[in-house]
Amino acid sequence: MVNILGGGFVAPVRVTFNGATATVRSVTPNRITVTTPSAGAAGVDVGVGETATVSVEVTINLNKPNQLSDTVDRGFTYALGGGTQQPAIFSISPTLGTNDGGTRVTIVGDGFQQPVQVIFGLGSAGNFDGVEATVESVTPTRIVAITPAARGFGQNLSNQVVNVLIRNVNSGFSAVGTQLFKYGSEVQITAMNQGSGPYTGGTRVIIQGSGFDDPVAVSFAFAGVSVAQQVVSVTGTEVVILTSPAPLPTTCPLNGLISSTAVSLTNIDNGNGDTANIGFNFVLPLPQISSVSPSSANAGTTVTISGANFSTLPNNVQVIFGDPATGSTAPKGEGSIEGLGESFSTQLSTGAATFSVPIKTPPGRGGEG
């Protein structure tokens with residue numbers, strides 16, 4: 001006899017165990033008493049020292065217009081052997097974990113007796129093949145354990161839904177919970193520990209999250225382009241990368257930053273991935289002017305502008321005299337901006353170089369110097 005507790009029970013009712021109909025003995029608004037069907041009728045085969053857990057469904061107002069049903073997943077456990085030594089598994093939490101293992105899980109059930117073995121794998125109690133977990137604590141109704149890696153001792157449970165076996169070592173009785181735990185949890189990016197670095201790349205960045213599974217691919221998204229990053233190391237919760245050089249824009253940004261808009265990470269073996277709207281700022285060295293010599297002259301005079309972080313490519317340099325929006329622009333190109341690429345060399349990654357650029361001044365307004 002089994003009592004099902006709840007609320008809103010209205011006769012006539014039907015109760016099934018894994019689809020097999022139980023015999024209803026009594027019904028009250030908050031309790032139904034039934035006689036369970038046999039394990040065979042419920043479609044499960046229970047060996048000596050084994051258990052099998054099934055769902056229980058209750059239907060009220062049977063065959064009436066207002067018929068309603070509710071189901072308790074893993075609501076009843078069939079056992080052969082009986083007694084307090086017979087373990088039973090009701091639930092596990094969480095139900096997802098990385099292929100690398102290390103997920104702390106809580107298994108709720110009954111009849112657990114220390115010492116116990118907890119094994120993640122495939123098969124039945126009499127023919128189970130898996131990898132043993134590390135047990136942290138045991139009570140008669142609760143076990144806390146650390147999941148093993150999906151790959152180990154000849155096993156490869158990566159990205160699979162697996163069974164969990166609990167064995168009371170002293171009695172030998174065991175229980176198997178089928179399809180309780182999934183290896184290879186969904187990839188999730190939660191943070192990056194570094195937000196900026198030089199545009200030439202080489203910045204060490206740690207991507208944090210879950211579900212990472214070596215090998216992985218990492219890329220940064222820019223406007224219209226995705227750039228792969230260099231992966232250094234991978235754990236289930238952290239990926240270390242070195243940034244690649246940033247794609248250079250056609251015009252120098254006023255703030256000196258080339259910014260990515262998102263980071264993407266993909267587990268190569270299974271294709272699982274995630275994209276997070278977390279950007280990275282690649283820093284360009286802005287040009288700095290320290291002096292102009294001479295400070296006044298007629299039109300066409302060669303002027304030397306001293307400073308740092310000037311481009312070594314003549315066509316990348318524009319010099320404006322006066323207001324940036326309305327002033328006169330000195331000619332660009334070889335011979336107009338003298339000495340570029342010849343009389344100095346720069347260290348753009350540090351912005352430390354200092355040099356002079358001779359430039360012929362343009363005519364003033366109306367052609368006057």
# chains A, B, ... in the order shown; residues from 1 in each chain; ligands from 1
>>> residues_around(residues="A:Ser26", least_positions_apart="3", cutoff="12 Å", atoms="only C-alpha atoms", output="compact mmCIF listing (two decimals) with N, CA and C atoms, in the first residue's frame")
# COMPACT_ATOMS: atom_id res chain seq x y z
N MET A 1 0.85 -1.20 0.00
CA MET A 1 0.00 0.00 0.00
C MET A 1 0.89 1.25 0.00
N VAL A 2 0.51 2.21 -0.81
CA VAL A 2 1.27 3.45 -0.93
C VAL A 2 0.31 4.61 -0.76
N ASN A 3 0.71 5.61 0.02
CA ASN A 3 -0.06 6.83 0.19
C ASN A 3 0.55 7.94 -0.67
N ILE A 4 -0.28 8.61 -1.47
CA ILE A 4 0.16 9.73 -2.29
C ILE A 4 -0.45 10.98 -1.69
N PHE A 9 -7.35 16.49 -4.87
CA PHE A 9 -7.72 15.18 -5.41
C PHE A 9 -9.25 15.06 -5.43
N VAL A 10 -9.81 14.69 -6.59
CA VAL A 10 -11.26 14.55 -6.76
C VAL A 10 -11.51 13.24 -7.50
N ALA A 11 -12.33 12.37 -6.88
CA ALA A 11 -12.69 11.10 -7.53
C ALA A 11 -13.63 11.37 -8.71
N PRO A 12 -13.60 10.49 -9.71
CA PRO A 12 -12.75 9.30 -9.81
C PRO A 12 -11.32 9.66 -10.21
N VAL A 13 -10.37 8.86 -9.74
CA VAL A 13 -8.96 9.10 -10.02
C VAL A 13 -8.34 7.85 -10.65
N ARG A 14 -7.22 8.10 -11.35
CA ARG A 14 -6.39 7.00 -11.85
C ARG A 14 -4.95 7.30 -11.47
N VAL A 15 -4.24 6.26 -10.98
CA VAL A 15 -2.83 6.39 -10.59
C VAL A 15 -2.04 5.35 -11.37
N ALA A 22 -2.36 1.44 -11.01
CA ALA A 22 -2.43 0.94 -9.64
C ALA A 22 -3.89 0.76 -9.25
N THR A 23 -4.12 0.00 -8.17
CA THR A 23 -5.48 -0.21 -7.64
C THR A 23 -5.74 0.86 -6.59
N PRO A 29 -9.43 14.66 -0.35
CA PRO A 29 -8.89 15.82 -1.08
C PRO A 29 -7.37 15.94 -1.04
N ASN A 30 -6.72 15.35 -0.02
CA ASN A 30 -5.26 15.50 0.07
C ASN A 30 -4.51 14.18 0.21
N ARG A 31 -5.19 13.04 0.01
CA ARG A 31 -4.50 11.76 0.12
C ARG A 31 -5.17 10.72 -0.77
N ILE A 32 -4.34 9.95 -1.48
CA ILE A 32 -4.82 8.81 -2.26
C ILE A 32 -4.03 7.59 -1.80
N THR A 33 -4.73 6.51 -1.49
CA THR A 33 -4.09 5.26 -1.10
C THR A 33 -4.28 4.25 -2.20
N VAL A 34 -3.15 3.63 -2.63
CA VAL A 34 -3.22 2.68 -3.74
C VAL A 34 -2.39 1.44 -3.41
N THR A 35 -2.67 0.39 -4.15
CA THR A 35 -1.81 -0.79 -4.18
C THR A 35 -1.01 -0.74 -5.49
>>> select_by_dssp(residues="stretch 28-151 of chain A", states="strand (DSSP E or B)", output="VMD selection string")
chain A and resid 28 31 to 35 51 to 60 68 to 79 88 to 93 96 to 97 104 to 110 116 to 124 127 to 132 134 to 139 142 to 146 151
>>> residues_around(residues="A:Ser233", least_positions_apart="5", cutoff="12 Å", atoms="only C-alpha atoms", output="ChimeraX atom specification")
/A:204-207,212-218,238-242
>>> atom_distance(atom1="atom CA of A:Ile189", atom2="atom CA of A:Leu248")
26.6 Å
>>> residues_around(residues="A:Phe280", least_positions_apart="2", cutoff="9 Å", atoms="only C-alpha atoms", output="ChimeraX atom specification")
/A:192,194-197,220,258-263,278,282
>>> write_last_selection(atoms="N, CA and C atoms", output="PDB file, in the first residue's frame")
ATOM      1  N   MET A 192      35.552  38.541 -18.398  1.00  0.00           N
ATOM      2  CA  MET A 192      36.945  38.573 -18.838  1.00  0.00           C
ATOM      3  C   MET A 192      37.697  39.468 -17.860  1.00  0.00           C
ATOM      4  N   GLN A 194      40.534  41.127 -18.153  1.00  0.00           N
ATOM      5  CA  GLN A 194      41.357  42.203 -18.689  1.00  0.00           C
ATOM      6  C   GLN A 194      40.579  42.885 -19.786  1.00  0.00           C
ATOM      7  N   GLY A 195      40.554  44.233 -19.758  1.00  0.00           N
ATOM      8  CA  GLY A 195      39.707  44.938 -20.702  1.00  0.00           C
ATOM      9  C   GLY A 195      40.419  45.724 -21.764  1.00  0.00           C
ATOM     10  N   SER A 196      41.758  45.821 -21.705  1.00  0.00           N
ATOM     11  CA  SER A 196      42.456  46.616 -22.700  1.00  0.00           C
ATOM     12  C   SER A 196      43.897  46.155 -22.821  1.00  0.00           C
ATOM     13  N   GLY A 197      44.500  46.505 -23.962  1.00  0.00           N
ATOM     14  CA  GLY A 197      45.894  46.177 -24.223  1.00  0.00           C
ATOM     15  C   GLY A 197      46.319  46.802 -25.534  1.00  0.00           C
ATOM     16  N   PHE A 220      37.286  37.390 -31.147  1.00  0.00           N
ATOM     17  CA  PHE A 220      36.727  38.691 -30.807  1.00  0.00           C
ATOM     18  C   PHE A 220      36.007  39.234 -32.036  1.00  0.00           C
ATOM     19  N   ILE A 258      40.618  50.824 -30.622  1.00  0.00           N
ATOM     20  CA  ILE A 258      39.928  49.915 -31.534  1.00  0.00           C
ATOM     21  C   ILE A 258      39.226  48.897 -30.642  1.00  0.00           C
ATOM     22  N   SER A 259      37.910  48.925 -30.621  1.00  0.00           N
ATOM     23  CA  SER A 259      37.165  48.155 -29.631  1.00  0.00           C
ATOM     24  C   SER A 259      36.434  46.982 -30.270  1.00  0.00           C
ATOM     25  N   SER A 260      36.638  45.793 -29.700  1.00  0.00           N
ATOM     26  CA  SER A 260      35.797  44.658 -30.062  1.00  0.00           C
ATOM     27  C   SER A 260      34.481  44.768 -29.312  1.00  0.00           C
ATOM     28  N   THR A 261      33.454  44.122 -29.826  1.00  0.00           N
ATOM     29  CA  THR A 261      32.125  44.241 -29.217  1.00  0.00           C
ATOM     30  C   THR A 261      31.669  42.980 -28.498  1.00  0.00           C
ATOM     31  N   ALA A 262      32.307  41.829 -28.787  1.00  0.00           N
ATOM     32  CA  ALA A 262      31.860  40.573 -28.177  1.00  0.00           C
ATOM     33  C   ALA A 262      32.994  39.555 -28.230  1.00  0.00           C
ATOM     34  N   VAL A 263      32.896  38.552 -27.359  1.00  0.00           N
ATOM     35  CA  VAL A 263      33.834  37.430 -27.352  1.00  0.00           C
ATOM     36  C   VAL A 263      33.032  36.143 -27.530  1.00  0.00           C
ATOM     37  N   ILE A 278      30.942  41.161 -24.262  1.00  0.00           N
ATOM     38  CA  ILE A 278      32.023  41.717 -23.460  1.00  0.00           C
ATOM     39  C   ILE A 278      33.111  42.174 -24.426  1.00  0.00           C
ATOM     40  N   PHE A 282      41.609  47.765 -27.800  1.00  0.00           N
ATOM     41  CA  PHE A 282      42.977  47.748 -28.296  1.00  0.00           C
ATOM     42  C   PHE A 282      43.445  49.195 -28.418  1.00  0.00           C
TER      43      PHE A 282
END
>>> residues_around(residues="A:Gly154", least_positions_apart="3", cutoff="12 Å", atoms="only C-alpha atoms", output="tab-separated table (two decimals) with C-alpha atoms, in the first residue's frame")
chain	number	residue	atom	x	y	z
A	121	GLY	CA	28.72	5.46	-16.12
A	129	ASP	CA	30.85	0.30	-16.40
A	130	GLY	CA	31.92	3.71	-15.20
A	131	VAL	CA	34.25	5.99	-13.25
A	149	ALA	CA	36.29	13.31	-15.25
A	150	ALA	CA	34.28	11.91	-18.16
A	151	ARG	CA	37.46	10.40	-19.57
A	157	LEU	CA	31.54	9.58	-21.20
>>> atom_distance(atom1="atom CA of A:Ser38", atom2="atom CA of A:Thr16")
11.4 Å
>>> closest_residue(among="A:Pro245, A:Val187, A:Val225, A:Pro198", to="A:Thr275", atoms="only C-alpha atoms")
A:Val187
>>> closest_residue(among="A:Pro287, A:Gly6, A:Gly211, A:Pro37", to="A:Thr77", atoms="only C-alpha atoms")
A:Pro37
>>> atom_distance(atom1="atom CA of A:Ser124", atom2="atom CA of A:Val58")
28.4 Å
>>> closest_residue(among="A:Gly322, A:Gly43, A:Gly224, A:Gly209", to="A:Thr237", atoms="only C-alpha atoms")
A:Gly209
>>> residues_around(residues="A:Ala125", least_positions_apart="2", cutoff="10 Å", atoms="only C-alpha atoms", output="PyMOL selection string")
chain A and resi 46-51+122-123+127-129+164-167+173-177
>>> write_last_selection(atoms="N, CA and C atoms", output="PDB file, in the first residue's frame")
ATOM      1  N   VAL A  46      14.019  -5.760 -11.742  1.00  0.00           N
ATOM      2  CA  VAL A  46      14.809  -5.465 -10.552  1.00  0.00           C
ATOM      3  C   VAL A  46      15.501  -6.742 -10.088  1.00  0.00           C
ATOM      4  N   GLY A  47      16.834  -6.720 -10.124  1.00  0.00           N
ATOM      5  CA  GLY A  47      17.601  -7.869  -9.659  1.00  0.00           C
ATOM      6  C   GLY A  47      17.854  -7.803  -8.177  1.00  0.00           C
ATOM      7  N   VAL A  48      18.472  -8.866  -7.652  1.00  0.00           N
ATOM      8  CA  VAL A  48      18.796  -8.908  -6.222  1.00  0.00           C
ATOM      9  C   VAL A  48      19.775  -7.789  -5.895  1.00  0.00           C
ATOM     10  N   GLY A  49      19.434  -7.034  -4.856  1.00  0.00           N
ATOM     11  CA  GLY A  49      20.292  -5.926  -4.446  1.00  0.00           C
ATOM     12  C   GLY A  49      20.190  -4.716  -5.345  1.00  0.00           C
ATOM     13  N   GLU A  50      19.173  -4.676  -6.204  1.00  0.00           N
ATOM     14  CA  GLU A  50      19.024  -3.561  -7.127  1.00  0.00           C
ATOM     15  C   GLU A  50      17.723  -2.822  -6.861  1.00  0.00           C
ATOM     16  N   THR A  51      17.644  -1.610  -7.406  1.00  0.00           N
ATOM     17  CA  THR A  51      16.421  -0.818  -7.331  1.00  0.00           C
ATOM     18  C   THR A  51      16.123  -0.250  -8.705  1.00  0.00           C
ATOM     19  N   LEU A 122      27.572   3.778 -17.357  1.00  0.00           N
ATOM     20  CA  LEU A 122      26.475   3.194 -18.117  1.00  0.00           C
ATOM     21  C   LEU A 122      26.283   1.737 -17.701  1.00  0.00           C
ATOM     22  N   GLY A 123      25.042   1.256 -17.799  1.00  0.00           N
ATOM     23  CA  GLY A 123      24.753  -0.134 -17.483  1.00  0.00           C
ATOM     24  C   GLY A 123      23.829  -0.283 -16.303  1.00  0.00           C
ATOM     25  N   ASN A 127      25.919  -5.085 -14.205  1.00  0.00           N
ATOM     26  CA  ASN A 127      26.874  -4.937 -15.302  1.00  0.00           C
ATOM     27  C   ASN A 127      27.086  -3.451 -15.563  1.00  0.00           C
ATOM     28  N   PHE A 128      27.737  -2.799 -14.604  1.00  0.00           N
ATOM     29  CA  PHE A 128      27.905  -1.347 -14.662  1.00  0.00           C
ATOM     30  C   PHE A 128      29.345  -1.019 -15.009  1.00  0.00           C
ATOM     31  N   ASP A 129      29.520  -0.094 -15.946  1.00  0.00           N
ATOM     32  CA  ASP A 129      30.847   0.300 -16.401  1.00  0.00           C
ATOM     33  C   ASP A 129      30.951   1.806 -16.272  1.00  0.00           C
ATOM     34  N   VAL A 164      23.934   6.732 -12.629  1.00  0.00           N
ATOM     35  CA  VAL A 164      24.697   6.836 -11.372  1.00  0.00           C
ATOM     36  C   VAL A 164      24.397   5.600 -10.535  1.00  0.00           C
ATOM     37  N   LEU A 165      25.440   4.919 -10.117  1.00  0.00           N
ATOM     38  CA  LEU A 165      25.306   3.734  -9.260  1.00  0.00           C
ATOM     39  C   LEU A 165      25.764   4.079  -7.849  1.00  0.00           C
ATOM     40  N   ILE A 166      24.944   3.714  -6.867  1.00  0.00           N
ATOM     41  CA  ILE A 166      25.307   3.829  -5.441  1.00  0.00           C
ATOM     42  C   ILE A 166      25.409   2.414  -4.889  1.00  0.00           C
ATOM     43  N   ARG A 167      26.551   2.103  -4.284  1.00  0.00           N
ATOM     44  CA  ARG A 167      26.730   0.772  -3.683  1.00  0.00           C
ATOM     45  C   ARG A 167      27.113   0.928  -2.215  1.00  0.00           C
ATOM     46  N   PHE A 173      24.630  -4.162  -1.444  1.00  0.00           N
ATOM     47  CA  PHE A 173      23.416  -3.726  -2.121  1.00  0.00           C
ATOM     48  C   PHE A 173      23.687  -2.433  -2.889  1.00  0.00           C
ATOM     49  N   SER A 174      23.013  -2.301  -4.029  1.00  0.00           N
ATOM     50  CA  SER A 174      23.260  -1.132  -4.861  1.00  0.00           C
ATOM     51  C   SER A 174      21.979  -0.662  -5.515  1.00  0.00           C
ATOM     52  N   ALA A 175      22.032   0.553  -6.013  1.00  0.00           N
ATOM     53  CA  ALA A 175      20.916   1.135  -6.753  1.00  0.00           C
ATOM     54  C   ALA A 175      21.486   1.898  -7.936  1.00  0.00           C
ATOM     55  N   VAL A 176      20.764   1.911  -9.041  1.00  0.00           N
ATOM     56  CA  VAL A 176      21.179   2.638 -10.228  1.00  0.00           C
ATOM     57  C   VAL A 176      20.098   3.648 -10.594  1.00  0.00           C
ATOM     58  N   GLY A 177      20.482   4.899 -10.683  1.00  0.00           N
ATOM     59  CA  GLY A 177      19.599   5.936 -11.201  1.00  0.00           C
ATOM     60  C   GLY A 177      19.936   6.152 -12.669  1.00  0.00           C
TER      61      GLY A 177
END
>>> residues_around(residues="A:Arg74", least_positions_apart="3", cutoff="9 Å", atoms="only C-alpha atoms", output="list in words")
Thr53, Val54, Ser55, Val56, Thr77, Ile89, Phe90 and Ser91 of chain A
>>> write_last_selection(atoms="C-alpha atoms", output="short mmCIF file (atom, residue, chain, number, x, y, z; two decimals), in the first residue's frame")
data_model
loop_
_atom_site.label_atom_id
_atom_site.label_comp_id
_atom_site.auth_asym_id
_atom_site.auth_seq_id
_atom_site.Cartn_x
_atom_site.Cartn_y
_atom_site.Cartn_z
CA THR A 53 12.79 4.22 -9.84
CA VAL A 54 9.70 5.10 -11.89
CA SER A 55 7.37 8.04 -12.42
CA VAL A 56 3.96 8.26 -10.76
CA THR A 77 11.34 3.00 -6.26
CA ILE A 89 18.12 7.09 -5.53
CA PHE A 90 15.49 9.82 -5.83
CA SER A 91 17.33 12.78 -7.38
#
>>> closest_residue(among="A:Ala221, A:Leu180, A:Leu286, A:Ile320", to="A:Ser244", atoms="only C-alpha atoms")
A:Ala221
>>> closest_residue(among="A:Cys252, A:Ala191, A:Val105, A:Leu265", to="A:Val227", atoms="only C-alpha atoms")
A:Leu265
>>> closest_residue(among="A:Pro253, A:Gly184, A:Pro148, A:Gly8", to="A:Asn270", atoms="only C-alpha atoms")
A:Gly184
